[in-house]
Each structure stands twice: as C-alpha cells, then as structure tokens.
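*Asks:* For reference, the file structure_10.txt (compact mmCIF, C-alpha atoms) is included below:
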```txt
# COMPACT_ATOMS: atom_id res chain seq x y z
CA MET A 1 0.00 0.00 0.00
CA ALA A 2 2.82 2.41 0.84
CA ARG A 3 4.52 1.71 -2.49
CA GLU A 4 1.31 2.60 -4.36
CA HIS A 5 1.10 5.94 -2.52
CA ILE A 6 4.75 6.72 -3.32
CA SER A 7 4.24 5.82 -6.99
CA ALA A 8 1.19 8.08 -7.18
CA MET A 9 3.15 10.96 -5.67
CA ASN A 10 6.07 10.40 -8.06
CA ALA A 11 3.71 10.33 -11.04
CA LEU A 12 2.11 13.59 -9.93
CA ILE A 13 5.47 15.26 -9.45
CA GLU A 14 6.68 14.05 -12.85
CA LYS A 15 3.53 15.36 -14.55
CA LEU A 16 3.96 18.76 -12.96
CA HIS A 17 7.61 18.79 -13.95
CA GLU A 18 6.77 18.07 -17.63
CA THR A 19 4.10 20.78 -17.64
CA ALA A 20 6.54 23.30 -16.26
CA LYS A 21 9.17 22.43 -18.94
CA SER A 22 6.56 22.74 -21.73
CA ASN A 23 5.56 26.19 -20.56
CA GLN A 24 9.17 27.31 -20.34
CA HIS A 25 9.92 26.32 -23.99
CA GLY A 26 6.60 27.48 -25.55
CA ALA A 27 5.82 30.65 -27.36
CA SER A 28 4.68 32.26 -24.17
CA GLU A 29 5.94 32.04 -20.58
CA ASP A 30 2.56 33.03 -19.17
CA GLY A 31 1.51 30.56 -16.46
CA GLY A 32 5.02 29.12 -15.85
CA ILE A 33 5.32 30.57 -12.43
CA THR A 34 1.80 29.36 -11.59
CA VAL A 35 2.63 25.74 -12.40
CA LEU A 36 5.91 25.88 -10.48
CA SER A 37 4.16 27.43 -7.51
CA LEU A 38 1.55 24.70 -7.62
CA PHE A 39 4.30 22.12 -7.75
CA LEU A 40 6.04 23.58 -4.70
CA PHE A 41 2.74 23.97 -2.88
CA ILE A 42 1.88 20.29 -3.31
CA VAL A 43 5.33 19.22 -2.16
CA MET A 44 5.04 21.43 0.90
CA LEU A 45 1.51 20.16 1.51
CA MET A 46 2.70 16.54 1.45
CA ALA A 47 5.56 17.35 3.84
CA ALA A 48 3.22 19.16 6.20
CA GLY A 49 0.68 16.37 5.99
CA PHE A 50 3.32 13.80 6.76
CA ALA A 51 4.53 15.76 9.82
CA ILE A 52 1.04 16.46 11.18
CA ASP A 53 -0.28 12.96 10.68
CA VAL A 54 2.85 11.24 11.98
CA ASN A 55 2.73 13.39 15.12
CA HIS A 56 -0.95 12.50 15.53
CA ALA A 57 -0.14 8.81 15.11
CA VAL A 58 2.66 8.98 17.70
CA GLN A 59 0.27 10.55 20.22
CA ALA A 60 -2.37 7.93 19.46
CA ARG A 61 0.18 5.15 19.91
CA THR A 62 1.29 6.57 23.28
CA GLN A 63 -2.31 6.60 24.43
CA LEU A 64 -2.83 3.06 23.16
CA GLN A 65 0.32 1.89 24.98
CA GLY A 66 -0.91 3.47 28.21
CA ALA A 67 -4.18 1.57 27.91
CA ALA A 68 -2.26 -1.69 27.34
CA ASP A 69 -0.02 -1.08 30.36
CA ALA A 70 -2.94 -0.26 32.66
CA ALA A 71 -4.97 -3.23 31.46
CA GLY A 72 -2.01 -5.60 31.85
CA HIS A 73 -1.37 -4.57 35.45
CA ALA A 74 -5.06 -4.78 36.34
CA ALA A 75 -5.51 -8.19 34.71
CA LEU A 76 -2.45 -9.74 36.37
CA TYR A 77 -3.22 -8.25 39.80
CA THR A 78 -6.79 -9.59 39.58
CA ARG A 79 -5.52 -12.98 38.41
CA TYR A 80 -3.18 -13.14 41.41
CA LYS A 81 -6.12 -12.70 43.81
CA ASP A 82 -8.86 -14.50 41.84
CA PRO A 83 -8.62 -18.11 40.56
CA VAL A 84 -11.18 -17.38 37.81
CA GLU A 85 -9.25 -16.29 34.71
CA GLN A 86 -12.27 -14.71 33.01
CA ASN A 87 -12.68 -12.28 35.90
CA ALA A 88 -9.13 -11.06 35.32
CA ILE A 89 -9.78 -10.70 31.58
CA ASP A 90 -12.97 -8.74 32.26
CA LYS A 91 -11.04 -6.44 34.62
CA GLY A 92 -8.37 -5.79 32.02
CA ILE A 93 -10.96 -4.93 29.37
CA ALA A 94 -12.79 -2.65 31.81
CA ILE A 95 -9.59 -0.74 32.57
CA ALA A 96 -8.80 -0.38 28.86
CA GLU A 97 -12.34 0.91 28.32
CA ALA A 98 -11.89 3.42 31.16
CA ASN A 99 -8.70 4.73 29.53
CA MET A 100 -10.03 4.72 25.96
CA PRO A 101 -13.86 4.71 25.91
CA THR A 102 -15.42 2.63 23.13
CA SER A 103 -17.77 5.48 22.28
CA ILE A 104 -14.78 7.56 21.19
CA TYR A 105 -12.07 5.11 20.10
CA GLY A 106 -13.98 1.93 19.33
CA SER A 107 -12.92 -1.34 20.97
CA VAL A 108 -9.15 -1.35 21.51
CA LEU A 109 -8.86 -4.59 23.52
CA ALA A 110 -10.48 -7.94 22.75
CA THR A 111 -10.75 -10.96 25.04
CA ALA A 112 -8.37 -12.96 22.86
CA ASP A 113 -5.71 -10.25 23.24
CA ILE A 114 -5.30 -10.85 26.99
CA GLU A 115 -3.06 -13.92 27.30
CA PHE A 116 -1.84 -15.43 30.57
CA GLY A 117 1.35 -17.45 30.62
CA ASP A 118 4.96 -17.49 31.80
CA TRP A 119 7.76 -14.96 31.41
CA ASP A 120 11.39 -16.09 31.08
CA GLY A 121 13.40 -13.12 32.28
CA GLU A 122 16.74 -14.42 31.05
CA LYS A 123 15.57 -15.21 27.52
CA ARG A 124 12.98 -12.43 27.55
CA ILE A 125 10.34 -14.77 26.14
CA PHE A 126 6.63 -14.84 26.96
CA THR A 127 4.99 -18.27 26.60
CA PRO A 128 1.18 -18.11 26.51
CA GLY A 129 -0.74 -20.85 28.29
CA ALA A 130 2.28 -21.93 30.33
CA GLY A 131 1.02 -20.55 33.64
CA ASP A 132 -0.64 -17.55 35.22
CA THR A 133 2.31 -15.57 36.58
CA ALA A 134 2.53 -13.28 33.54
CA VAL A 135 0.18 -11.64 31.09
CA ARG A 136 0.52 -10.25 27.57
CA VAL A 137 -1.94 -7.57 26.46
CA THR A 138 -2.22 -6.35 22.88
CA THR A 139 -4.26 -3.23 22.19
CA ARG A 140 -5.20 -2.37 18.62
CA ARG A 141 -6.51 0.40 16.43
CA THR A 142 -6.79 -1.28 13.05
CA GLY A 143 -9.26 -1.54 10.17
CA ALA A 144 -12.43 0.39 10.89
CA ASN A 145 -10.89 1.39 14.23
CA ALA A 146 -7.64 2.76 12.72
CA VAL A 147 -6.31 6.27 13.37
CA SER A 148 -7.70 8.68 10.77
CA THR A 149 -5.33 11.00 8.92
CA PHE A 150 -5.77 14.67 8.00
CA LEU A 151 -3.67 15.95 5.11
CA LEU A 152 -2.35 12.55 4.01
CA LYS A 153 -5.85 11.84 2.72
CA LEU A 154 -4.87 13.99 -0.26
CA ILE A 155 -2.49 11.27 -1.44
CA GLY A 156 -4.77 8.36 -0.59
CA VAL A 157 -3.62 7.54 2.97
CA ASP A 158 -6.92 7.60 4.85
CA SER A 159 -5.84 5.88 8.09
CA ILE A 160 -2.91 4.38 10.01
CA ASN A 161 -3.07 0.97 11.74
CA LEU A 162 -1.56 0.76 15.24
CA ASN A 163 -1.06 -1.98 17.85
CA THR A 164 0.88 -2.01 21.11
CA VAL A 165 1.98 -4.83 23.41
CA SER A 166 2.49 -4.82 27.19
CA VAL A 167 3.85 -7.80 29.17
CA TRP A 168 3.61 -7.96 32.98
CA ASP A 169 5.16 -10.49 35.34
CA TYR A 170 4.86 -11.01 39.09
CA GLU A 171 7.12 -12.57 41.68
CA ASP A 172 6.34 -13.50 45.28
CA GLY A 173 8.61 -10.80 46.62
CA TRP A 174 12.00 -9.71 45.35
CA CYS A 175 13.81 -9.88 48.69
CA PRO A 176 15.47 -13.34 48.97
CA ARG A 177 14.39 -14.14 52.54
CA GLY A 178 11.91 -11.33 53.22
CA GLU A 179 14.43 -9.92 55.68
CA GLY A 180 14.80 -6.17 55.97
CA TYR A 181 13.16 -2.77 56.41
CA PHE A 182 10.11 -1.90 54.29
CA ALA A 183 8.00 1.29 54.50
CA VAL A 184 5.38 3.20 52.55
CA GLY A 185 6.97 6.45 53.72
CA ARG A 186 10.56 7.40 54.38
CA VAL A 187 13.07 4.86 55.68
CA ASP A 188 15.68 6.63 57.83
CA ILE A 189 18.67 4.50 58.83
CA GLN A 190 21.40 5.66 61.18
CA SER A 191 25.18 5.26 60.85
CA ASN A 192 27.63 2.40 61.27
CA ASN A 193 25.63 -0.64 60.19
CA HIS A 194 26.91 -3.61 58.24
CA TYR A 195 24.30 -4.95 55.81
CA LYS A 196 24.98 -8.52 54.73
CA ASP A 197 23.91 -10.61 51.74
CA GLY A 198 20.13 -11.05 51.58
CA PHE A 199 19.12 -7.96 53.56
CA CYS A 200 16.75 -5.46 51.91
CA VAL A 201 15.86 -1.84 52.56
CA HIS A 202 12.88 -0.42 50.66
CA SER A 203 10.71 2.71 50.74
CA GLU A 204 7.81 3.64 48.49
CA THR A 205 9.09 7.24 48.69
CA HIS A 206 12.81 7.42 49.52
CA VAL A 207 15.58 6.04 51.76
CA GLU A 208 17.95 8.13 53.87
CA PHE A 209 21.36 6.96 55.10
CA ASN A 210 24.00 8.61 57.22
CA GLN A 211 27.69 7.80 56.86
CA GLY A 212 29.74 4.81 57.90
CA SER A 213 27.72 1.82 56.74
CA ILE A 214 28.88 -1.17 54.67
CA PHE A 215 26.72 -2.91 52.06
CA ASP A 216 27.83 -6.39 50.99
CA ALA A 217 27.07 -7.89 47.60
CA GLY A 218 23.50 -9.21 47.57
CA VAL A 219 22.04 -6.32 49.59
CA VAL A 220 19.17 -4.43 47.94
CA VAL A 221 18.37 -0.79 48.71
CA SER A 222 15.37 0.28 46.69
CA MET A 223 12.70 2.88 46.07
CA PRO A 224 10.57 3.74 43.04
CA ASN A 225 13.30 6.10 41.80
CA GLU A 226 16.78 5.32 43.09
CA GLY A 227 17.73 8.91 42.33
CA ASP A 228 15.64 9.97 45.34
CA LEU A 229 18.17 8.43 47.76
CA VAL A 230 19.26 10.91 50.45
CA VAL A 231 22.87 10.70 51.68
CA PRO A 232 25.29 13.16 53.32
CA GLN A 233 27.45 15.49 51.20
CA SER A 234 30.13 12.82 51.03
CA GLY A 235 27.68 10.84 48.88
CA MET A 236 28.45 7.20 48.26
CA ASP A 237 32.01 7.50 49.54
CA GLY A 238 30.82 7.28 53.14
CA ASN A 239 28.82 4.09 52.54
CA SER A 240 30.81 1.31 50.92
CA GLY A 241 28.80 -0.79 48.45
CA LEU A 242 25.69 1.42 48.56
CA TYR A 243 25.88 2.35 44.87
CA GLU A 244 25.91 -1.32 43.83
CA ALA A 245 22.96 -2.10 46.14
CA LEU A 246 20.63 0.55 44.66
CA ASP A 247 17.63 -0.43 42.58
CA SER A 248 14.36 1.15 41.40
CA ILE A 249 11.39 -0.97 42.54
CA ASN A 250 7.68 -0.46 43.20
CA TYR A 251 6.68 -2.90 45.93
CA ASN A 252 2.90 -2.36 46.23
CA LEU A 253 3.18 -1.83 49.99
CA THR A 254 0.15 0.45 50.09
CA SER A 255 -2.04 -2.40 48.88
CA PHE A 256 -0.67 -4.63 51.64
CA PHE A 257 -1.45 -2.11 54.36
CA ASN A 258 -4.93 -1.50 52.94
CA GLY A 259 -5.63 -5.14 53.79
CA LEU A 260 -3.76 -5.21 57.12
CA GLU A 261 -6.84 -4.69 59.31
CA ASP A 262 -8.58 -7.71 57.79
CA LEU A 263 -5.42 -9.78 58.22
CA ALA A 264 -5.11 -8.67 61.84
CA LYS A 265 -8.72 -9.57 62.68
CA GLN A 266 -8.30 -13.06 61.20
CA HIS A 267 -6.22 -13.84 64.28
CA LEU A 268 -9.42 -13.78 66.34
CA VAL A 269 -10.51 -16.99 64.59
CA PRO A 270 -8.56 -20.02 65.92
CA THR A 271 -9.22 -22.05 62.75
CA ALA A 272 -8.07 -19.31 60.33
CA SER A 273 -5.29 -20.27 57.95
CA ILE A 274 -3.24 -17.32 59.16
CA GLN A 275 -2.84 -18.90 62.61
CA PRO A 276 0.61 -20.25 63.56
CA SER A 277 1.07 -23.99 64.12
CA TYR A 278 1.26 -23.65 67.91
CA ILE A 279 -2.46 -22.79 68.09
CA THR A 280 -3.88 -26.24 68.85
CA ASP A 281 -6.76 -25.16 71.11
CA LEU A 282 -9.47 -24.23 68.60
CA THR A 283 -11.87 -22.83 71.19
CA ALA A 284 -13.07 -19.41 70.10
CA PRO A 285 -12.29 -16.63 72.61
CA PRO A 286 -15.32 -14.93 74.26
CA SER A 287 -16.76 -12.08 72.21
CA THR A 288 -16.90 -10.00 75.42
CA PRO A 289 -13.45 -10.48 76.95
CA LYS A 290 -12.33 -9.79 80.48
CA LYS A 291 -11.15 -6.23 81.09
CA TRP A 292 -7.71 -6.28 82.65
CA ASN A 293 -6.49 -3.69 85.08
CA ALA A 294 -3.43 -5.33 86.63
CA ASN A 295 -0.20 -5.93 84.72
CA ILE A 296 -0.22 -9.03 82.51
CA THR A 297 2.09 -11.90 83.45
CA ALA A 298 2.83 -15.14 81.60
CA ASP A 299 0.42 -16.99 83.91
CA ASP A 300 -2.47 -14.86 82.64
CA ILE A 301 -2.12 -16.22 79.10
CA ILE A 302 -3.84 -19.41 77.92
CA PRO A 303 -1.14 -21.35 76.02
CA ASN A 304 -1.72 -22.75 72.50
CA ALA A 305 -4.89 -20.66 72.20
CA VAL A 306 -6.20 -17.33 70.96
CA ASN A 307 -6.42 -14.87 73.85
CA TYR A 308 -8.71 -11.85 73.34
CA MET A 309 -7.81 -9.32 76.04
CA ASP A 310 -9.48 -5.99 76.83
CA CYS A 311 -8.52 -3.36 79.44
CA GLN A 312 -10.36 -1.27 82.02
CA ASN A 313 -8.26 1.73 81.19
CA LYS A 314 -6.93 2.34 77.68
CA THR A 315 -3.65 0.44 78.20
CA LEU A 316 -2.78 -3.24 78.53
CA THR A 317 0.57 -3.46 80.33
CA PHE A 318 2.88 -6.49 80.28
CA ASP A 319 4.75 -6.92 83.53
CA ASN A 320 8.51 -6.76 84.01
CA ASN A 321 10.23 -9.84 82.58
CA ALA A 322 6.92 -11.35 81.40
CA ILE A 323 7.81 -13.89 78.69
CA ILE A 324 4.78 -14.77 76.57
CA LYS A 325 5.08 -18.13 74.78
CA ASP A 326 3.06 -20.35 72.43
CA ALA A 327 -0.01 -18.09 72.21
CA VAL A 328 -1.84 -15.52 70.12
CA ILE A 329 -3.00 -12.35 71.88
CA VAL A 330 -5.45 -9.92 70.27
CA THR A 331 -6.37 -6.65 71.97
CA PRO A 332 -8.13 -3.37 71.12
CA CYS A 333 -6.04 -1.56 73.79
CA GLU A 334 -2.78 0.30 73.68
CA VAL A 335 0.01 -2.08 74.72
CA LYS A 336 2.94 -1.13 76.91
CA PHE A 337 5.83 -3.51 77.60
CA SER A 338 7.71 -3.16 80.87
CA SER A 339 11.46 -3.77 80.95
CA GLY A 340 12.51 -7.33 80.19
CA ALA A 341 9.22 -8.42 78.61
CA ALA A 342 9.44 -10.76 75.63
CA LEU A 343 7.50 -12.71 73.00
CA GLU A 344 8.76 -16.20 72.16
CA ASN A 345 6.89 -18.36 69.67
CA ALA A 346 4.00 -15.94 70.06
CA THR A 347 1.87 -13.48 68.09
CA LEU A 348 0.57 -10.16 69.39
CA VAL A 349 -2.10 -8.30 67.38
CA VAL A 350 -2.95 -4.78 68.52
CA LEU A 351 -6.08 -3.28 66.94
CA ASN A 352 -5.52 0.14 68.50
CA THR A 353 -4.70 2.82 65.90
CA GLY A 354 -3.10 5.46 68.14
CA SER A 355 0.38 6.93 68.27
CA LYS A 356 1.07 4.91 71.44
CA SER A 357 -0.41 1.68 70.13
CA VAL A 358 2.71 -0.33 71.09
CA SER A 359 5.48 1.14 73.20
CA ALA A 360 8.28 0.17 75.53
CA PRO A 361 10.71 2.39 77.45
CA SER A 362 13.50 -0.19 77.06
CA GLY A 363 14.38 -3.85 76.98
CA LEU A 364 11.70 -5.39 74.74
CA ARG A 365 12.64 -8.69 73.08
CA ILE A 366 10.69 -10.25 70.21
CA GLY A 367 11.75 -13.82 69.41
CA ALA A 368 14.02 -16.23 71.24
CA SER A 369 17.66 -15.14 71.48
CA THR A 370 18.67 -18.57 70.12
CA TYR A 371 16.53 -18.24 66.97
CA CYS A 372 19.47 -17.80 64.62
CA ASN A 373 20.92 -21.13 65.78
CA ASP A 374 17.86 -23.38 65.49
CA GLY A 375 15.12 -21.32 63.80
CA LYS A 376 12.79 -21.75 66.78
CA GLY A 377 10.98 -19.20 68.92
CA GLY A 378 10.35 -16.55 66.26
CA SER A 379 7.42 -14.19 66.87
CA THR A 380 5.14 -11.68 65.15
CA LEU A 381 3.81 -8.33 66.34
CA ILE A 382 1.13 -6.53 64.30
CA THR A 383 -0.27 -3.14 65.26
CA MET A 384 -2.77 -0.89 63.53
CA GLY A 385 -1.04 2.15 65.03
CA ASP A 386 2.54 3.18 65.84
CA PHE A 387 5.32 1.01 67.27
CA SER A 388 8.02 2.68 69.35
CA VAL A 389 10.78 1.33 71.60
CA ALA A 390 13.06 3.94 73.14
CA ALA A 391 16.09 1.73 73.79
CA GLY A 392 17.32 -1.82 74.01
CA LEU A 393 15.07 -3.33 71.33
CA GLU A 394 16.00 -6.91 70.46
CA VAL A 395 14.35 -8.89 67.66
CA TYR A 396 15.47 -12.39 66.71
CA GLY A 397 13.34 -14.03 64.04
CA GLY A 398 10.59 -11.47 64.23
CA ASN A 399 7.97 -9.71 62.14
CA VAL A 400 7.14 -6.22 63.37
CA ILE A 401 4.35 -4.74 61.25
CA ALA A 402 2.93 -1.29 62.05
CA ALA A 403 0.23 0.48 60.07
CA GLY A 404 1.67 3.72 61.46
CA ASN A 405 5.24 4.78 62.21
CA LEU A 406 7.81 2.20 63.31
CA SER A 407 10.76 3.40 65.35
CA GLY A 408 13.23 1.80 67.68
CA THR A 409 16.74 1.84 69.06
CA SER A 410 18.43 -1.53 69.19
CA ASN A 411 21.31 -3.00 71.10
CA ALA A 412 24.36 -3.67 68.94
CA ASN A 413 23.63 -6.80 66.88
CA GLY A 414 20.23 -7.01 68.53
CA LEU A 415 18.32 -7.42 65.27
CA ALA A 416 18.55 -10.69 63.34
CA GLY A 417 16.18 -12.51 61.00
CA ILE A 418 13.86 -9.50 61.00
CA ASN A 419 11.03 -8.17 58.88
CA PHE A 420 10.10 -4.58 59.80
CA MET A 421 7.18 -3.13 57.82
CA SER A 422 5.67 0.33 58.26
CA GLY A 423 2.62 1.89 56.64
CA ALA A 424 4.14 5.30 57.35
CA GLU A 425 7.79 6.06 58.26
CA LEU A 426 10.45 3.70 59.58
CA ASP A 427 13.32 5.01 61.73
CA VAL A 428 15.71 2.51 63.29
CA THR A 429 19.01 2.94 65.11
CA ALA A 430 20.94 -0.31 65.25
CA ASN A 431 24.75 0.13 65.00
CA GLY A 432 25.40 -3.51 64.21
CA ASP A 433 25.23 -6.30 61.65
CA MET A 434 22.11 -6.78 59.53
CA GLY A 435 21.37 -10.06 57.79
CA PHE A 436 23.77 -12.34 59.63
CA CYS A 437 21.09 -14.75 60.90
CA ASN A 438 20.95 -18.33 59.57
CA PHE A 439 17.17 -18.01 59.22
CA GLY A 440 14.87 -15.36 57.80
CA PRO A 441 11.68 -14.18 59.52
CA PRO A 442 9.53 -17.05 60.85
CA THR A 443 6.50 -16.19 58.69
CA PRO A 444 7.55 -13.96 55.79
CA PHE A 445 4.81 -11.62 54.63
CA ALA A 446 5.68 -11.81 50.94
CA ILE A 447 4.14 -9.09 48.82
CA PRO A 448 3.86 -9.82 45.10
CA VAL A 449 5.89 -7.55 42.88
CA PHE A 450 4.14 -6.72 39.61
CA LYS A 451 6.62 -5.61 36.96
CA MET A 452 6.16 -4.46 33.39
CA VAL A 453 8.86 -6.43 31.56
CA MET A 454 8.05 -5.57 27.94
```
Kindly return the structure encoded in the file as structure tokens.
*Replies:*
Amino acid sequence: MAREHISAMNALIEKLHETAKSNQHGASEDGGITVLSLFLFIVMLMAAGFAIDVNHAVQARTQLQGAADAAGHAALYTRYKDPVEQNAIDKGIAIAEANMPTSIYGSVLATADIEFGDWDGEKRIFTPGAGDTAVRVTTRRTGANAVSTFLLKLIGVDSINLNTVSVWDYEDGWCPRGEGYFAVGRVDIQSNNHYKDGFCVHSETHVEFNQGSIFDAGVVVSMPNEGDLVVPQSGMDGNSGLYEALDSINYNLTSFFNGLEDLAKQHLVPTASIQPSYITDLTAPPSTPKKWNANITADDIIPNAVNYMDCQNKTLTFDNNAIIKDAVIVTPCEVKFSSGAALENATLVVLNTGSKSVSAPSGLRIGASTYCNDGKGGSTLITMGDFSVAAGLEVYGGNVIAAGNLSGTSNANGLAGINFMSGAELDVTANGDMGFCNFGPPTPFAIPVFKMVM
C-alpha cells in the first residue's frame, strides 16, 4: 500500500515537472510561475501532511500503549487474587475501556488479546498458556478502528493501523528471605551498620542513610526512583557498596497495608489459615473479653490458644520480665511492655490505631535469642497504630508490622532474622550487623511484585 502511494506521488510530481518544462519552452511564458508554484505547494503540503499525521499517530500510539499497560497490570493483579481467569480478563478490558472509551475510540482490547502465561526473564520470552504468573496484552486500532489521517488523505492515505503490546510479570517478593526494612513512607537509617547478603531496605518514597555503613554484595536498597536516595554530602564515599545495592522498585506496599486490618482480625478466629502452628486449642475466645487492670504476666495467658484481652483503662501493660510463649494475643487496647518483657513463639495483634499503640521504654525482646541457631521461637507483632521502643530493642526471628510509624533503638547486633514493615515512616538505630542470621523471619509476609517487563 505504501509503495502505491509513493508511486502516485512520483507520477504527480513528474507530470507537474513536464508541464513546467513545456511552458518554459513554448511561445509564451505566461503561467510558468503558476505551475511551479503549484508544484512547490503540493510538495510542501505533502511534507506538512506527513509531519502532522505522523505526530498525531505517535500521540495515538502513546495513548494506546498506556491503555495496554494499565490493562495488563489490572488483569495480572486480579488474576493473582482471583482463581477465575475470566474475571481477570474482564477487569483488564474494563480498565482499557476506562482509559479509551469505546464510544470515542472503538474497541481497543479484545478478550483474545489478553493472554496469561509465563515470562522467562533471562531469555525475555513470553509463553502463553504456560502458567498464570505473567500476562501479555495487545491493544489495537486497526481496520475500521484505525487512526484517521488529515492531510495525508490527499495522497490516498486515509488511516494508520496501530497496535501495542504490554507484558507484565509477578514474583512472590523480590527480597530473597523477606528480611529487611520496608515502608510506605521514608526509611531513615542511622550510621555504622553492616548490611549482609540477603538484607533489603525499601521505601515507596525514599531512603535516607547517614555515613559509615557497609553494604555487601546481595544487599538491595530500593525505592521507586533510586535517584531519590538521600545521603550526606560525602555521597556514596561514606557508605561502601551502597551504589551497587541501589535499585528502582515499586513494591505495592500500600495495597498490603490496605488489607492489614482484615489480616489482623483473622487472628481472632482459631481455625483461620493465618494462625501459627502452635495454636492447637481451637476454642473461640469470648466475644466479650475480660477487662484487665493489673499488669499481665505469663500466667495470665492461655497457652496454644487465641487470647482476646481488653482493658479497664486504655492500656494493657505487660509486667517486668513477662515472657509470653506459644499463644496468640489480640487486643483493642494500647500495649505497653515493661522492661525485660518478651514474646517467644508468640503473636501479638494490637487493633488500636493510636500513636502509642505499642510502646516500651526499654528492653523489649521479640523472638528467642537462640533463633538464629535453630530457627525456633520466632514471633510476630502486628499493630494498627505506631510502634516505638526507646532503647534496648532486640528482635530475633521477628515480624514487626505497624500500620503507622515504626521506630526503635536496638542494642548492637540485637536485630537478626527480622522483617520490619511500616505503613508510614520507619526510623531505626541499630549500630550492628544486619542479615547475619541463619534463618529469615519465621512467617515472611511476601508481597507480590508486579513488573512491566516488555
């Protein structure tokens, strides 16, 4: 088709050229300038038409690509959560329609053009029908739906066919062992830490480091745009290995925290799949729990069961040196840990959303101190508010998940096998080794990473 258009243009130009020569050699030169002007005008018109219509086509293709990208992400995210493939296809088509309404652009995405399969990152090959961890979406404006031209119509080019392809892939988390610091807001890390292979630091906004830290090979420090990293004026020179550890990643943490309340409340049901293996007593806790006034000791906890504990005042206080083992505790109260309190092979879920949701003046331990040797005794703490420990925080094989801010000051080498997640800002002072534990967190909360790979 393009060759026919070029031939037609060449024939027209040749005809005009012959007419101009005839007028120049005839008895009269009247009209010579008119033919030459017409010739130049048509040439200029074709050039202008080409520029205008190509620019229009580029803009249309960009819009079509955006619809493909949005539909691909929506389809794969829905497929991850929903076992019914058609529901994911319908979602992808709906998103494409929202971006490019059929009433204006016609149908740009058909059911057959959403293909689930497998993505081979090394070979960069998408294989349809080989799984459901990747999706290929092809959006089209062809035939009756093609992009109309303006000036190119004068030479017979009435429309331009376009199609775009978007391929998305997901992984069950990019951090090897799920060990590290993860926050929706800023992650602020203090000086003089040694980050070892397998440890991850991620923020959905940006990460801040002071000087004097070491980053071994295999460490990942990420944010959506690695250029947003904040470091002192010395730059990378004050943090060995930091440049090599940097990566640009979107981790979908906001989606995780949007579902955190539902996840937290599942711990009220002894038979829920979220429950740890040490919950063997499947008796449901009373819907109207006892209101505690005195400090909680280990003897107040029913082992191997779900304990729902309320308070007469607004705070549930764990006594000095109270070591809570083999139990799940759920409470709507603020929780305060006295010095020496600890969780071992235990889960604490705090539904309170305040700034003092979980606090300790000093000496809180989460997880058994021997966890890194045998992988036993790890614990999980979930709060819908803030988590703050002023000094002496120790976590060995522990998940600490706060919907609000997460802050703490640790003993040297007092954090091992950890997963710290904050729905706001994370600020930790550690001054020790990170990632030296033989085991990762006891129950990694893997968040799928959805990536556009093509």
*Asks:* To one decimal place, how far is atom CA of Ala51 of chain A from atom CA of Phe150 of chain A in Å?
*Replies:*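 According to the coordinates, atom CA of Ala51 of chain A and atom CA of Phe150 of chain A are separated by 10.5 Å.
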*Asks:* Using only C-alpha atoms, find all polymer residues with an atom at most 9 Å away from the point (24.8, -11.4, 59.6); report them as a ChimeraX atom specification.
*Replies:* /A:194-197,199,413,416-417,433-438
*Asks:* Got a sec to check which residues sit within 8 Å of (30.3, 4.5, 59.1), counting only C-alpha atoms, and write them as a list in words?
*Replies:*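 Within the cut-off we find Ser191, Asn192, Asn193, Asn210, Gln211, Gly212, Ser213, Ile214, Gly238 and Asn239 of chain A.
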*Asks:* Select, from A:Asn145, A:Thr383, A:Gln233, A:Asn293, the residue with the minimum atom-to-atom distance to Leu263 of chain A, counting all atoms listed in the file.
*Replies:*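 Distance minimum relative to Leu263 of chain A lands on A:Thr383.
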*Asks:* Show me, as JSON, the centre and edge lengths in Å to one decimal of the axis-aligned box that covers every listed atom of segment 165-168 of chain A with 3 Å on each side.
*Replies:*
```
{"center_x": 2.9, "center_y": -6.4, "center_z": 28.2, "size_x": 7.9, "size_y": 9.1, "size_z": 15.6}
```
*Asks:* If we count only C-alpha atoms, what is near Asn225 of chain A at a cut-off of 8 Å, once residues fewer than 2 positions away on the same chain are taken out, given as a tab-separated table (two decimals) with C-alpha atoms, in the coordinates of the input?
*Replies:*
```tsv
chain	number	residue	atom	x	y	z
A	206	HIS	CA	12.81	7.42	49.52
A	222	SER	CA	15.37	0.28	46.69
A	223	MET	CA	12.70	2.88	46.07
A	227	GLY	CA	17.73	8.91	42.33
A	228	ASP	CA	15.64	9.97	45.34
A	247	ASP	CA	17.63	-0.43	42.58
A	248	SER	CA	14.36	1.15	41.40
A	249	ILE	CA	11.39	-0.97	42.54
```
*Asks:* Using all atoms listed in the file, which residues sit within 10 Å of segment 360-370 of chain A once same-chain residues fewer than 6 positions away are excluded, as a PyMOL selection string?
*Replies:* chain A and resi 317-318+320-321+323-325+335-347+376-381+387-400+408-411+414-418+441-442
*Asks:* Quick one, how far is atom CA of Ala264 of chain A from atom CA of Asp281 of chain A?
*Replies:*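 Going from atom CA of Ala264 of chain A over to atom CA of Asp281 of chain A, I get 19.0 Å.
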*Asks:* Restricting the calculation to all atoms listed in the file, which member of A:Asn295, A:Ser203, A:Gln65, A:Thr164 is positioned closest to Asn252 of chain A?
*Replies:*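 Closest to Asn252 of chain A of all the choices is A:Ser203.
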*Asks:* Using only C-alpha atoms, which protein or nucleic acid residues come within 10 Å of Cys333 of chain A? Drop anything in the same chain fewer than 5 positions from it, and give the result as a list in words.
*Replies:*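 Residues meeting the cut-off are Met309, Asp310, Cys311, Gln312, Asn313, Lys314, Thr315, Leu316, Thr317, Val350, Leu351, Asn352, Thr353, Gly354, Lys356, Ser357 and Val358 of chain A.
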*Asks:* Find the residues around segment 78-84 of chain A up to 12 Å (only C-alpha atoms counted), leave out those fewer than 6 positions away in its own chain, and share them as a PyMOL selection string.
*Replies:* chain A and resi 71-72+90-93+95+114-117+131-135+168-172+447-450
*Asks:* Which is closest to Arg124 of chain A among A:Ala68, A:Val167, A:His202, A:Glu261, if we use all atoms listed in the file?
*Replies:* A:Val167
*Asks:* Measuring atom to atom with only C-alpha atoms, identify which of A:Val184, A:Ile89, A:Ile125, A:Val137 is nearest to Gly66 of chain A.
*Replies:*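 Going through A:Val184, A:Ile89, A:Ile125, A:Val137 one by one, the smallest distance to Gly66 of chain A is for A:Val137.
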*Asks:* Of the candidates A:Asn304, A:Lys265, A:Thr111, A:Thr139, which shows the shortest atom-to-atom distance to Tyr278 of chain A, using all atoms listed in the file?
*Replies:*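 Checking each candidate against Tyr278 of chain A, we get A:Asn304 as the closest.
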*Asks:* May I have the residues within 9 Å of Pro285 of chain A as a PyMOL selection string, using all atoms listed in the file and disregarding those fewer than 4 positions away in the same chain?
*Replies:* chain A and resi 268-270+289+305-308
